[in-house]
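Quick look at data_22.cif (mmCIF, C-alpha atoms):
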```
data_input
loop_
_atom_site.label_atom_id
_atom_site.label_comp_id
_atom_site.auth_asym_id
_atom_site.auth_seq_id
_atom_site.Cartn_x
_atom_site.Cartn_y
_atom_site.Cartn_z
CA MET A 1 0.00 0.00 0.00
CA PRO A 2 1.40 3.44 -0.85
CA LEU A 3 1.73 6.03 1.88
CA LEU A 4 -0.13 9.28 1.51
CA GLY A 5 3.15 11.20 1.67
CA GLU A 6 4.46 9.21 -1.32
CA THR A 7 1.36 9.86 -3.39
CA PRO A 8 1.46 12.88 -5.72
CA ALA A 9 -0.37 15.75 -4.05
CA HIS A 10 -2.41 16.48 -7.16
CA GLU A 11 -3.77 12.92 -7.12
CA VAL A 12 -4.69 13.26 -3.45
CA ARG A 13 -6.44 16.57 -4.08
CA ALA A 14 -8.28 15.09 -7.05
CA ALA A 15 -9.47 12.16 -4.93
CA LEU A 16 -10.52 14.47 -2.08
CA THR A 17 -12.52 16.67 -4.43
CA ASN A 18 -14.05 13.72 -6.31
CA LYS A 19 -12.52 15.05 -9.54
CA GLY A 20 -10.13 12.21 -10.23
CA PRO A 21 -10.65 8.61 -11.28
CA VAL A 22 -10.86 7.61 -7.61
CA LYS A 23 -13.77 9.13 -5.69
CA GLY A 24 -12.67 10.09 -2.23
CA LEU A 25 -9.40 9.38 -0.42
CA ARG A 26 -9.42 6.00 1.37
CA LEU A 27 -7.07 6.13 4.32
CA ARG A 28 -6.26 3.25 6.62
CA MET A 29 -6.46 4.27 10.29
CA GLY A 30 -5.67 1.37 12.58
CA PRO A 31 -8.43 -1.22 12.13
CA TYR A 32 -10.57 1.12 10.03
CA VAL A 33 -10.65 2.63 6.56
CA ALA A 34 -12.13 6.09 6.19
CA ARG A 35 -13.10 7.61 2.88
CA LEU A 36 -12.52 11.36 3.05
CA ARG A 37 -13.83 13.99 0.72
CA THR A 38 -13.46 17.75 0.86
CA PRO A 39 -13.50 20.56 -1.65
CA LEU A 40 -11.73 22.82 0.85
CA PRO A 41 -8.04 23.34 -0.04
CA GLU A 42 -7.02 24.15 3.55
CA VAL A 43 -8.51 20.88 4.80
CA ALA A 44 -6.78 19.00 1.97
CA ASP A 45 -3.47 20.66 2.97
CA SER A 46 -3.90 19.49 6.56
CA VAL A 47 -4.81 15.96 5.48
CA LEU A 48 -1.72 15.84 3.25
CA ALA A 49 0.55 17.08 6.05
CA LEU A 50 -0.87 15.27 9.06
CA TYR A 51 -1.75 11.91 7.51
CA ARG A 52 1.42 11.69 5.40
CA HIS A 53 2.57 8.47 7.10
CA HIS A 54 -0.76 6.68 6.64
CA GLU A 55 -1.47 4.07 4.01
CA VAL A 56 -3.76 4.87 1.14
CA ALA A 57 -6.16 1.95 0.84
CA GLY A 58 -7.06 0.59 -2.59
CA ALA A 59 -10.06 1.81 -4.54
CA THR A 60 -11.96 -1.37 -3.69
CA ALA A 61 -11.09 -1.44 0.05
CA PHE A 62 -14.10 -1.72 2.35
CA VAL A 63 -14.92 1.67 3.78
CA ASP A 64 -15.92 1.88 7.46
CA PHE A 65 -16.62 5.62 7.49
CA ASP A 66 -17.60 7.68 4.48
CA VAL A 67 -17.13 11.28 5.54
CA ALA A 68 -16.82 14.73 4.05
CA VAL A 69 -16.09 18.24 5.23
CA ARG A 70 -17.52 20.98 3.04
CA ARG A 71 -19.38 24.27 3.02
CA PRO A 72 -23.07 24.10 3.98
CA ARG A 73 -25.52 23.89 1.11
CA GLY A 74 -27.77 26.81 0.28
CA ALA A 75 -27.42 30.38 1.44
CA ARG A 76 -26.23 29.39 4.91
CA GLY A 77 -22.80 30.75 5.56
CA LEU A 78 -22.69 33.19 2.64
CA TRP A 79 -21.86 36.07 4.95
CA ARG A 80 -19.79 34.13 7.41
CA PRO A 81 -18.18 30.98 5.93
CA GLN A 82 -18.98 27.77 7.73
CA VAL A 83 -18.07 24.10 7.45
CA VAL A 84 -20.14 20.99 8.01
CA PHE A 85 -19.19 17.38 8.69
CA GLU A 86 -21.03 14.86 6.58
CA PHE A 87 -21.31 11.17 7.42
CA GLU A 88 -22.86 9.03 4.71
CA GLY A 89 -24.98 11.93 3.55
CA ASP A 90 -26.10 13.05 7.03
CA GLU A 91 -24.90 16.09 8.94
CA PRO A 92 -24.78 14.94 12.57
CA PHE A 93 -23.36 18.22 13.93
CA ASN A 94 -24.10 21.90 13.66
CA PRO A 95 -21.91 23.88 11.23
CA LEU A 96 -18.74 25.44 12.59
CA PRO A 97 -16.88 28.58 11.54
CA GLY A 98 -15.20 28.20 8.17
CA ASP A 99 -11.61 27.86 9.40
CA GLN A 100 -12.39 24.85 11.60
CA GLY A 101 -12.60 22.29 8.81
CA PHE A 102 -9.70 20.07 9.86
CA PRO A 103 -10.54 20.01 13.60
CA LEU A 104 -14.13 19.24 12.59
CA LEU A 105 -12.92 16.34 10.45
CA GLU A 106 -10.93 14.97 13.40
CA TRP A 107 -13.80 15.37 15.86
CA GLY A 108 -16.11 13.76 13.33
CA LEU A 109 -13.78 10.80 12.88
CA ASN A 110 -13.59 10.38 16.66
CA TRP A 111 -17.38 10.35 16.72
CA CYS A 112 -17.45 7.67 14.01
CA VAL A 113 -15.23 5.44 16.13
CA TYR A 114 -16.78 5.91 19.56
CA GLY A 115 -20.34 6.32 18.41
CA LEU A 116 -20.63 3.70 15.72
CA CYS A 117 -18.00 1.00 16.19
CA HIS A 118 -18.97 -1.46 18.86
CA GLN A 119 -16.73 -4.34 17.89
CA HIS A 120 -14.28 -2.90 20.44
CA LEU A 121 -14.84 -1.60 23.94
CA THR A 122 -13.90 2.07 23.56
CA LEU A 123 -12.60 4.36 26.29
CA HIS A 124 -11.83 8.06 26.28
CA SER A 125 -8.14 7.61 26.89
CA ALA A 126 -4.74 8.19 25.40
CA VAL A 127 -2.81 4.96 24.84
CA LEU A 128 0.93 4.51 24.51
CA GLU A 129 3.15 1.46 24.48
CA ARG A 130 6.55 0.45 25.69
CA HIS A 131 8.06 -3.07 25.63
CA GLY A 132 4.74 -4.44 24.39
CA ARG A 133 2.76 -3.08 27.37
CA ALA A 134 0.07 -0.47 26.98
CA LEU A 135 -0.19 2.62 29.14
CA LEU A 136 -3.72 4.00 29.33
CA LEU A 137 -4.22 7.64 30.32
CA PRO A 138 -7.98 8.03 30.71
CA ALA A 139 -9.08 11.51 31.64
CA PRO A 140 -11.52 14.25 30.75
CA SER A 141 -10.56 17.37 28.82
CA GLY A 142 -8.42 19.78 30.75
CA SER A 143 -6.65 17.15 32.83
CA GLY A 144 -3.36 17.44 31.00
CA LYS A 145 -3.79 14.04 29.35
CA SER A 146 -3.00 15.17 25.80
CA THR A 147 0.01 17.23 26.85
CA LEU A 148 1.42 14.30 28.78
CA CYS A 149 0.66 11.94 25.91
CA ALA A 150 2.42 14.23 23.43
CA ALA A 151 5.48 14.52 25.66
CA LEU A 152 5.65 10.72 25.99
CA VAL A 153 5.37 10.34 22.21
CA PHE A 154 8.61 12.37 21.97
CA SER A 155 10.23 10.37 24.76
CA GLY A 156 10.31 6.84 23.42
CA TRP A 157 6.73 5.71 23.92
CA ARG A 158 4.80 4.43 20.89
CA LEU A 159 1.55 6.24 20.23
CA LEU A 160 -1.52 4.06 19.85
CA SER A 161 -3.98 6.92 20.20
CA ASP A 162 -4.15 10.31 21.89
CA GLU A 163 -7.90 10.06 22.36
CA LEU A 164 -9.48 6.59 22.09
CA ALA A 165 -8.54 3.26 23.64
CA LEU A 166 -9.88 0.34 21.60
CA ILE A 167 -10.01 -2.85 23.65
CA GLN A 168 -10.31 -6.04 21.71
CA PRO A 169 -12.95 -8.43 23.09
CA ARG A 170 -11.69 -11.76 24.44
CA ALA A 171 -7.95 -11.06 24.05
CA GLY A 172 -8.32 -7.78 25.94
CA GLU A 173 -5.46 -6.17 24.03
CA LEU A 174 -5.25 -2.55 22.94
CA LEU A 175 -5.51 -1.79 19.24
CA PRO A 176 -3.60 1.11 17.70
CA LEU A 177 -5.48 3.98 16.14
CA PRO A 178 -2.65 6.40 15.38
CA ARG A 179 -3.98 9.68 14.04
CA PRO A 180 -2.92 13.32 14.29
CA VAL A 181 -2.41 14.39 17.91
CA SER A 182 -4.58 17.30 18.98
CA LEU A 183 -3.34 19.89 21.43
CA LYS A 184 -5.10 22.90 22.83
CA ASN A 185 -4.22 26.35 24.09
CA ALA A 186 -1.12 26.54 26.30
CA SER A 187 -0.27 22.89 25.58
CA ILE A 188 0.74 23.84 22.04
CA ASP A 189 3.57 26.07 23.25
CA VAL A 190 4.47 23.68 26.07
CA ILE A 191 5.06 20.87 23.58
CA SER A 192 6.80 23.21 21.12
CA ARG A 193 9.33 23.92 23.87
CA PHE A 194 9.51 20.32 25.06
CA ALA A 195 10.04 18.88 21.57
CA PRO A 196 11.33 21.60 19.23
CA GLN A 197 11.30 19.11 16.36
CA VAL A 198 7.49 18.99 16.47
CA SER A 199 5.76 20.29 13.37
CA PHE A 200 2.26 21.52 13.95
CA GLY A 201 -0.35 21.98 11.26
CA SER A 202 -2.43 25.13 11.16
CA ARG A 203 -3.39 26.72 14.46
CA VAL A 204 -7.13 27.16 14.54
CA GLU A 205 -8.32 29.92 16.85
CA GLU A 206 -11.60 30.30 18.70
CA THR A 207 -12.89 26.75 18.51
CA ALA A 208 -15.22 25.54 21.25
CA LYS A 209 -12.09 24.16 22.91
CA GLY A 210 -9.97 27.28 22.37
CA VAL A 211 -6.93 27.28 20.10
CA VAL A 212 -6.35 23.86 18.51
CA ALA A 213 -3.36 22.52 16.61
CA HIS A 214 -2.42 19.02 15.47
CA PHE A 215 0.85 17.27 14.79
CA ALA A 216 1.34 14.16 12.70
CA PRO A 217 1.80 10.87 14.55
CA PRO A 218 5.36 9.55 14.21
CA ALA A 219 5.94 7.40 11.12
CA GLU A 220 6.96 4.41 13.24
CA ALA A 221 3.70 4.61 15.25
CA VAL A 222 1.68 4.54 12.03
CA ARG A 223 3.83 1.72 10.59
CA ALA A 224 3.13 -0.30 13.74
CA GLY A 225 -0.59 0.30 13.25
CA THR A 226 -1.49 -3.37 13.53
CA GLN A 227 0.70 -4.23 16.53
CA ARG A 228 -1.52 -4.64 19.56
CA ALA A 229 -0.33 -4.13 23.10
CA ALA A 230 -1.16 -6.02 26.26
CA PRO A 231 -2.53 -4.00 29.19
CA GLY A 232 0.28 -2.71 31.38
CA TRP A 233 -0.70 0.39 33.29
CA VAL A 234 -3.79 2.50 33.86
CA VAL A 235 -2.91 5.98 35.05
CA PHE A 236 -5.40 8.80 35.67
CA PRO A 237 -3.38 12.00 35.11
CA ARG A 238 -4.11 15.42 36.50
CA TYR A 239 -2.11 18.55 35.85
CA VAL A 240 -1.71 20.70 38.96
CA ALA A 241 0.39 23.83 38.51
CA GLY A 242 3.54 23.60 40.60
CA ALA A 243 2.85 20.10 41.91
CA PRO A 244 5.69 17.57 42.03
CA ALA A 245 5.20 14.48 39.87
CA ARG A 246 3.55 11.87 42.07
CA LEU A 247 2.11 8.44 41.35
CA GLU A 248 -0.26 6.90 43.86
CA ARG A 249 -1.63 3.39 43.74
CA LEU A 250 -5.32 3.17 43.01
CA GLU A 251 -7.41 0.17 44.00
CA ARG A 252 -8.34 -1.93 41.00
CA SER A 253 -12.04 -1.78 41.86
CA ARG A 254 -11.92 2.03 41.93
CA THR A 255 -9.93 1.99 38.69
CA PHE A 256 -12.66 -0.21 37.22
CA MET A 257 -15.36 2.32 38.14
CA GLN A 258 -13.36 5.24 36.76
CA LEU A 259 -12.83 3.36 33.51
CA ILE A 260 -16.60 2.91 33.21
CA GLU A 261 -16.95 6.69 33.55
CA ASN A 262 -14.57 7.06 30.61
CA ALA A 263 -16.17 4.32 28.49
CA PHE A 264 -18.30 5.08 25.46
CA ASN A 265 -19.94 1.70 24.97
CA TYR A 266 -19.55 -0.29 28.20
CA ASP A 267 -23.31 -0.81 28.34
CA VAL A 268 -23.37 -2.22 24.82
CA PHE A 269 -21.08 -5.05 25.90
CA GLY A 270 -23.20 -6.12 28.87
CA ARG A 271 -21.63 -8.89 30.90
CA GLU A 272 -18.70 -9.14 28.48
CA GLY A 273 -17.87 -5.49 29.17
CA PHE A 274 -17.66 -6.21 32.89
CA GLU A 275 -15.36 -9.17 32.29
CA LEU A 276 -13.27 -7.26 29.78
CA LEU A 277 -12.68 -4.27 32.05
CA GLY A 278 -12.09 -6.62 34.98
CA ASP A 279 -9.38 -8.44 33.02
CA LEU A 280 -7.88 -5.12 31.89
CA VAL A 281 -7.40 -3.84 35.44
CA ASP A 282 -6.33 -7.32 36.54
CA ARG A 283 -3.43 -7.17 34.10
CA SER A 284 -2.55 -3.53 34.84
CA LYS A 285 -0.86 -1.57 37.55
CA CYS A 286 -3.23 1.23 38.44
CA PHE A 287 -2.39 4.72 39.64
CA THR A 288 -3.51 8.29 39.95
CA PHE A 289 -0.90 10.77 38.84
CA GLU A 290 -0.42 14.46 39.58
CA TYR A 291 2.16 16.54 37.82
CA GLY A 292 3.13 20.15 37.33
CA ASP A 293 6.33 19.72 35.37
CA LEU A 294 6.47 17.80 32.12
CA ALA A 295 10.14 16.78 32.33
CA GLN A 296 9.58 15.34 35.81
CA ALA A 297 6.51 13.51 34.57
CA VAL A 298 8.35 11.99 31.61
CA ALA A 299 11.23 10.86 33.84
CA LEU A 300 8.78 9.18 36.18
CA PHE A 301 7.01 7.42 33.32
CA ASP A 302 10.38 6.30 32.04
CA ARG A 303 10.94 4.55 35.36
CA LEU A 304 7.43 3.16 35.24
CA GLY A 305 8.13 1.72 31.78
CA ARG A 306 11.24 0.02 33.18
CA GLY A 307 9.14 -1.60 35.89
CA GLU A 308 10.44 0.48 38.79
CA HIS A 309 7.07 1.24 40.30
CA GLY A 310 6.00 -2.07 41.76
CA MET B 1 -38.53 -12.93 59.29
CA PRO B 2 -37.56 -11.89 55.74
CA VAL B 3 -35.22 -14.00 53.68
CA TYR B 4 -32.62 -12.51 51.35
CA VAL B 5 -31.53 -13.86 47.97
CA VAL B 6 -29.06 -12.76 45.32
CA PRO B 7 -30.40 -11.95 41.83
CA ARG B 8 -29.59 -14.59 39.27
CA ASP B 9 -26.44 -13.97 37.20
CA LEU B 10 -25.17 -11.23 39.47
CA ILE B 11 -21.42 -11.10 38.84
CA ARG B 12 -18.79 -9.73 41.14
CA ARG B 13 -15.09 -9.10 41.23
CA HIS B 14 -12.88 -8.49 44.20
CA TRP B 15 -9.14 -8.11 44.15
CA ALA B 16 -7.31 -9.53 47.14
CA GLY B 17 -6.50 -6.98 49.81
CA GLU B 18 -8.77 -4.26 48.41
CA GLU B 19 -11.36 -2.50 50.55
CA THR B 20 -13.92 -2.39 47.75
CA ALA B 21 -15.30 -4.65 45.03
CA VAL B 22 -17.35 -4.28 41.86
CA VAL B 23 -20.67 -5.99 41.22
CA ARG B 24 -22.84 -6.05 38.11
CA LEU B 25 -26.60 -6.47 38.15
CA PRO B 26 -27.73 -8.59 35.23
CA VAL B 27 -31.06 -7.12 34.14
CA ALA B 28 -30.48 -3.46 34.97
CA GLY B 29 -26.93 -3.73 33.63
CA THR B 30 -25.69 -1.40 36.36
CA THR B 31 -22.27 -1.75 37.97
CA HIS B 32 -21.76 -0.92 41.63
CA LEU B 33 -18.76 -0.27 43.82
CA ILE B 34 -19.34 -1.84 47.22
CA ALA B 35 -17.35 -2.32 50.39
CA ALA B 36 -15.59 -5.65 50.84
CA GLU B 37 -17.78 -6.24 53.91
CA ALA B 38 -20.91 -5.84 51.80
CA LEU B 39 -19.45 -8.23 49.26
CA ALA B 40 -18.98 -10.78 52.04
CA VAL B 41 -22.72 -10.58 52.72
CA VAL B 42 -23.52 -11.03 49.03
CA ASP B 43 -21.13 -13.99 48.83
CA VAL B 44 -22.71 -15.71 51.83
CA VAL B 45 -26.23 -15.23 50.49
CA ALA B 46 -25.20 -16.30 46.98
CA ASP B 47 -24.06 -19.64 48.36
CA HIS B 48 -27.64 -20.40 49.43
CA ALA B 49 -30.03 -20.51 46.52
CA GLY B 50 -33.01 -20.70 48.86
CA GLY B 51 -31.99 -17.49 50.59
CA LEU B 52 -30.98 -16.68 54.14
CA PRO B 53 -32.52 -14.65 56.97
CA LEU B 54 -30.53 -12.00 58.82
CA ARG B 55 -29.77 -14.31 61.70
CA GLU B 56 -28.25 -16.94 59.39
CA ILE B 57 -26.25 -14.38 57.48
CA ALA B 58 -24.80 -13.07 60.73
CA HIS B 59 -24.00 -16.58 61.84
CA LYS B 60 -22.23 -17.49 58.61
CA LEU B 61 -20.21 -14.27 58.77
CA GLY B 62 -19.12 -15.18 62.28
CA LEU B 63 -21.08 -12.33 63.85
CA VAL B 64 -23.16 -12.89 66.95
CA ALA B 65 -25.99 -10.63 65.91
CA GLU B 66 -28.54 -11.80 68.44
CA ALA B 67 -26.23 -11.02 71.33
CA ASP B 68 -25.22 -7.62 70.08
CA GLU B 69 -27.86 -5.19 68.94
CA ALA B 70 -25.27 -2.85 67.48
CA VAL B 71 -23.88 -5.60 65.27
CA ALA B 72 -27.37 -6.66 64.22
CA GLY B 73 -28.29 -3.08 63.44
CA ALA B 74 -25.17 -2.48 61.38
CA LEU B 75 -25.69 -5.69 59.45
CA GLN B 76 -29.36 -4.87 58.86
CA ARG B 77 -28.42 -1.41 57.51
CA MET B 78 -25.87 -2.98 55.20
CA ILE B 79 -28.43 -5.48 53.95
CA ASP B 80 -31.02 -2.72 53.50
CA GLY B 81 -28.50 -0.83 51.37
CA LEU B 82 -27.85 -3.90 49.25
CA VAL B 83 -31.60 -4.45 48.84
CA HIS B 84 -32.08 -0.79 47.94
CA SER B 85 -29.46 -1.01 45.18
CA GLY B 86 -30.87 -4.31 43.91
CA LEU B 87 -27.87 -6.43 44.85
CA LEU B 88 -30.01 -8.48 47.26
CA ARG B 89 -33.70 -9.25 47.06
CA GLN B 90 -35.88 -9.45 50.13
CA LEU B 91 -38.56 -12.11 50.22
CA ASP B 92 -41.49 -11.62 52.58
CA ASP B 93 -42.25 -13.95 55.49
CA ASP B 94 -45.01 -15.71 53.61
CA ALA B 95 -42.91 -16.38 50.57
CA ALA B 96 -41.76 -19.95 50.57
CA PRO B 97 -37.98 -19.98 50.75
CA GLY B 98 -36.57 -20.47 47.32
CA ARG B 99 -39.83 -19.72 45.54
CA ASP B 100 -38.57 -16.47 44.18
CA ALA B 101 -34.93 -17.07 44.81
CA CYS B 102 -32.48 -16.33 42.08
CA ALA B 103 -35.31 -14.98 39.94
#
```
Target encoding structure tokens, full file:
Amino acid sequence: MPLLGETPAHEVRAALTNKGPVKGLRLRMGPYVARLRTPLPEVADSVLALYRHHEVAGATAFVDFDVAVRRPRGARGLWRPQVVFEFEGDEPFNPLPGDQGFPLLEWGLNWCVYGLCHQHLTLHSAVLERHGRALLLPAPSGSGKSTLCAALVFSGWRLLSDELALIQPRAGELLPLPRPVSLKNASIDVISRFAPQVSFGSRVEETAKGVVAHFAPPAEAVRAGTQRAAPGWVVFPRYVAGAPARLERLERSRTFMQLIENAFNYDVFGREGFELLGDLVDRSKCFTFEYGDLAQAVALFDRLGRGEHG
Amino acid sequence: MPVYVVPRDLIRRHWAGEETAVVRLPVAGTTHLIAAEALAVVDVVADHAGGLPLREIAHKLGLVAEADEAVAGALQRMIDGLVHSGLLRQLDDDAAPGRDACA
């Protein structure tokens, strides 16, 4: 399969705009294939830059999500440009301001995974891997999860996902879903200082989440897009300004309940969901984690990855 | 004297040494965090398909409830909480033991 970054840009743009021989751009994202379409050049630019390491699936590949980002139809948005996300002909969300096309595409793709795909138990969690063991960082927005995840990506941990943990039924392993990593507000500058080699796409101002910018997942993380990881650690992070990095053991039963709070489809799985989460925490070391300094946090996770925390 | 039974297919998980456990109710599909002591009550009752009265539960837990009103009261409150959350079912005096058990 060719990588997007090796495919001539004019062919990609033609596919995205439905003007070429191939209608839509079929991109492989972990276990899924998404067909993307957009007539918006700025969204196409972001796709080209931020999915450059991803495989382009063949024209006959089965498509899990058929999505588009485009201007609204009709007179809507004539005075103030807007963008809409389209999923198989439906528009599940309200339009957003015109410069938010790429973030909208990413949010829409997240929605496709957590809202529609129930072959995996899905948690709101970043997932990284070291030595074959998965580190889950489940947390709500504003907890510092994405910042920590991004810092770990630049510190030797393999990215499986910055947003969604996919747990495979029966085996209980974590499936990779490497996609562009989203950062918000102050985190963008924090990571720019932490990892000067990072290359962000466009900064989008005034989204519902503030300023948003994405960086491409590392090529090796995308290449390893089929390598699952066994559960290793579940850590609930919380950024506290000025706090020293501190891990504290969390009872597995309490970890279990907090994972349910971060699960999108636990109820769908019924009894199997209970067993699956039970096995996940059984195989994991479970902690809460407070940090105020990213370098300290990364050093502590380095020790954790080497097995130095019980 | 009421008899208590555990709903059929109630599943539970307790990790050694932990103060709490998780329990899932089959029909409602709800998951509960309960104290290890409450789990001990559920475990004792679950071992008796026909159900157990308070006195028997206390006996099997090694508590002398009849001799100590405080112990009996605490156990009754714990059982009431389990009944309230659906993790135990209370059968009335006139219900034949086992008639509705594990339903």
Inset, instruction - Compute the chain A side of the contact with chain B at 9 Å, counting all atoms listed in the file, and hand it back as a PyMOL selection string. - result: chain A and resi 251-254+256-257+260+267+270-271+274-275+278+282
Inset, instruction - Evaluate the PyMOL selection byres ((chain B and resi 46) around 12) and record the selected residues as a VMD selection string, following the chain and residue labels used in the document. - result: chain B and resid 4 to 12 39 to 45 47 to 52 57 87 to 89 101 to 102
Legend entry - Option closest in space to Ser161 (chain A), from A:Pro178, A:Pro81, A:Pro72, A:Pro217 [counting all atoms listed in the file]: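 Smallest separation from Ser161 (chain A) among the options: A:Pro178.
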Legend entry - Between CA of Leu123 (chain A) and CA of Leu247 (chain A), distance in Å (one decimal):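 Separation between CA of Leu123 (chain A) and CA of Leu247 (chain A): 21.4 Å.
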Inset, instruction - For CA of Trp111 (chain A) and CA of Arg26 (chain A), determine how far apart the two atoms are, in Å to one decimal place. - result: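 Between CA of Trp111 (chain A) and CA of Arg26 (chain A) the gap works out to 17.8 Å.
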Inset, instruction - Please write the residues picked by the PyMOL selection byres ((chain B and resi 1) around 9) on this file as an NGL selection string. - result: :B and (2-3 or 53-54 or 92-93)
Inset, instruction - Write out as a ChimeraX atom specification each polymer residue whose atoms come within 8 Å of Arg203 (chain A), counting all atoms listed in the file; drop sequence neighbours fewer than 3 positions from it. - result: /A:200,211-214
Legend entry - 7 Å contact set for region 229-236 of chain A, all atoms listed in the file, chain neighbours under 3 positions out, as a PyMOL selection string: chain A and resi 129+132-139+173-175+280+283-289
Inset, instruction - Within 8 Å of Gly242 (chain A), counting all atoms listed in the file, which residues show up once you throw out same-chain ones fewer than 6 positions away? Write them as a list in words, please. - result: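 Once the adjacent positions are removed, what remains is Tyr291, Gly292 and Asp293 of chain A.
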Name all residues at most 10 Å from region 222-224 of chain A (count all atoms listed in the file; drop same-chain ones fewer than 4 positions away) and give them as a compact mmCIF listing (two decimals) with C-alpha atoms, keeping the file's coordinate frame.
```
# COMPACT_ATOMS: atom_id res chain seq x y z
CA LEU A 3 1.73 6.03 1.88
CA ARG A 28 -6.26 3.25 6.62
CA MET A 29 -6.46 4.27 10.29
CA GLY A 30 -5.67 1.37 12.58
CA TYR A 51 -1.75 11.91 7.51
CA ARG A 52 1.42 11.69 5.40
CA HIS A 53 2.57 8.47 7.10
CA HIS A 54 -0.76 6.68 6.64
CA GLU A 55 -1.47 4.07 4.01
CA ARG A 158 4.80 4.43 20.89
CA LEU A 159 1.55 6.24 20.23
CA LEU A 160 -1.52 4.06 19.85
CA PRO A 176 -3.60 1.11 17.70
CA LEU A 177 -5.48 3.98 16.14
CA PRO A 178 -2.65 6.40 15.38
CA ARG A 179 -3.98 9.68 14.04
CA ALA A 216 1.34 14.16 12.70
CA PRO A 217 1.80 10.87 14.55
CA PRO A 218 5.36 9.55 14.21
CA ARG A 228 -1.52 -4.64 19.56
```
Inset, instruction - Find the distance between CA of Gly225 (chain A) and CA of Val268 (chain A) and write it in Å to one decimal. - result: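 Value for the CA of Gly225 (chain A)-CA of Val268 (chain A) distance: 25.7 Å.
In terms of minimum interatomic distance to Asp189 (chain A), A:Ala150 ranks closest within A:Ala150, A:Gly273, A:Glu86, A:Asn262, counting all atoms listed in the file.
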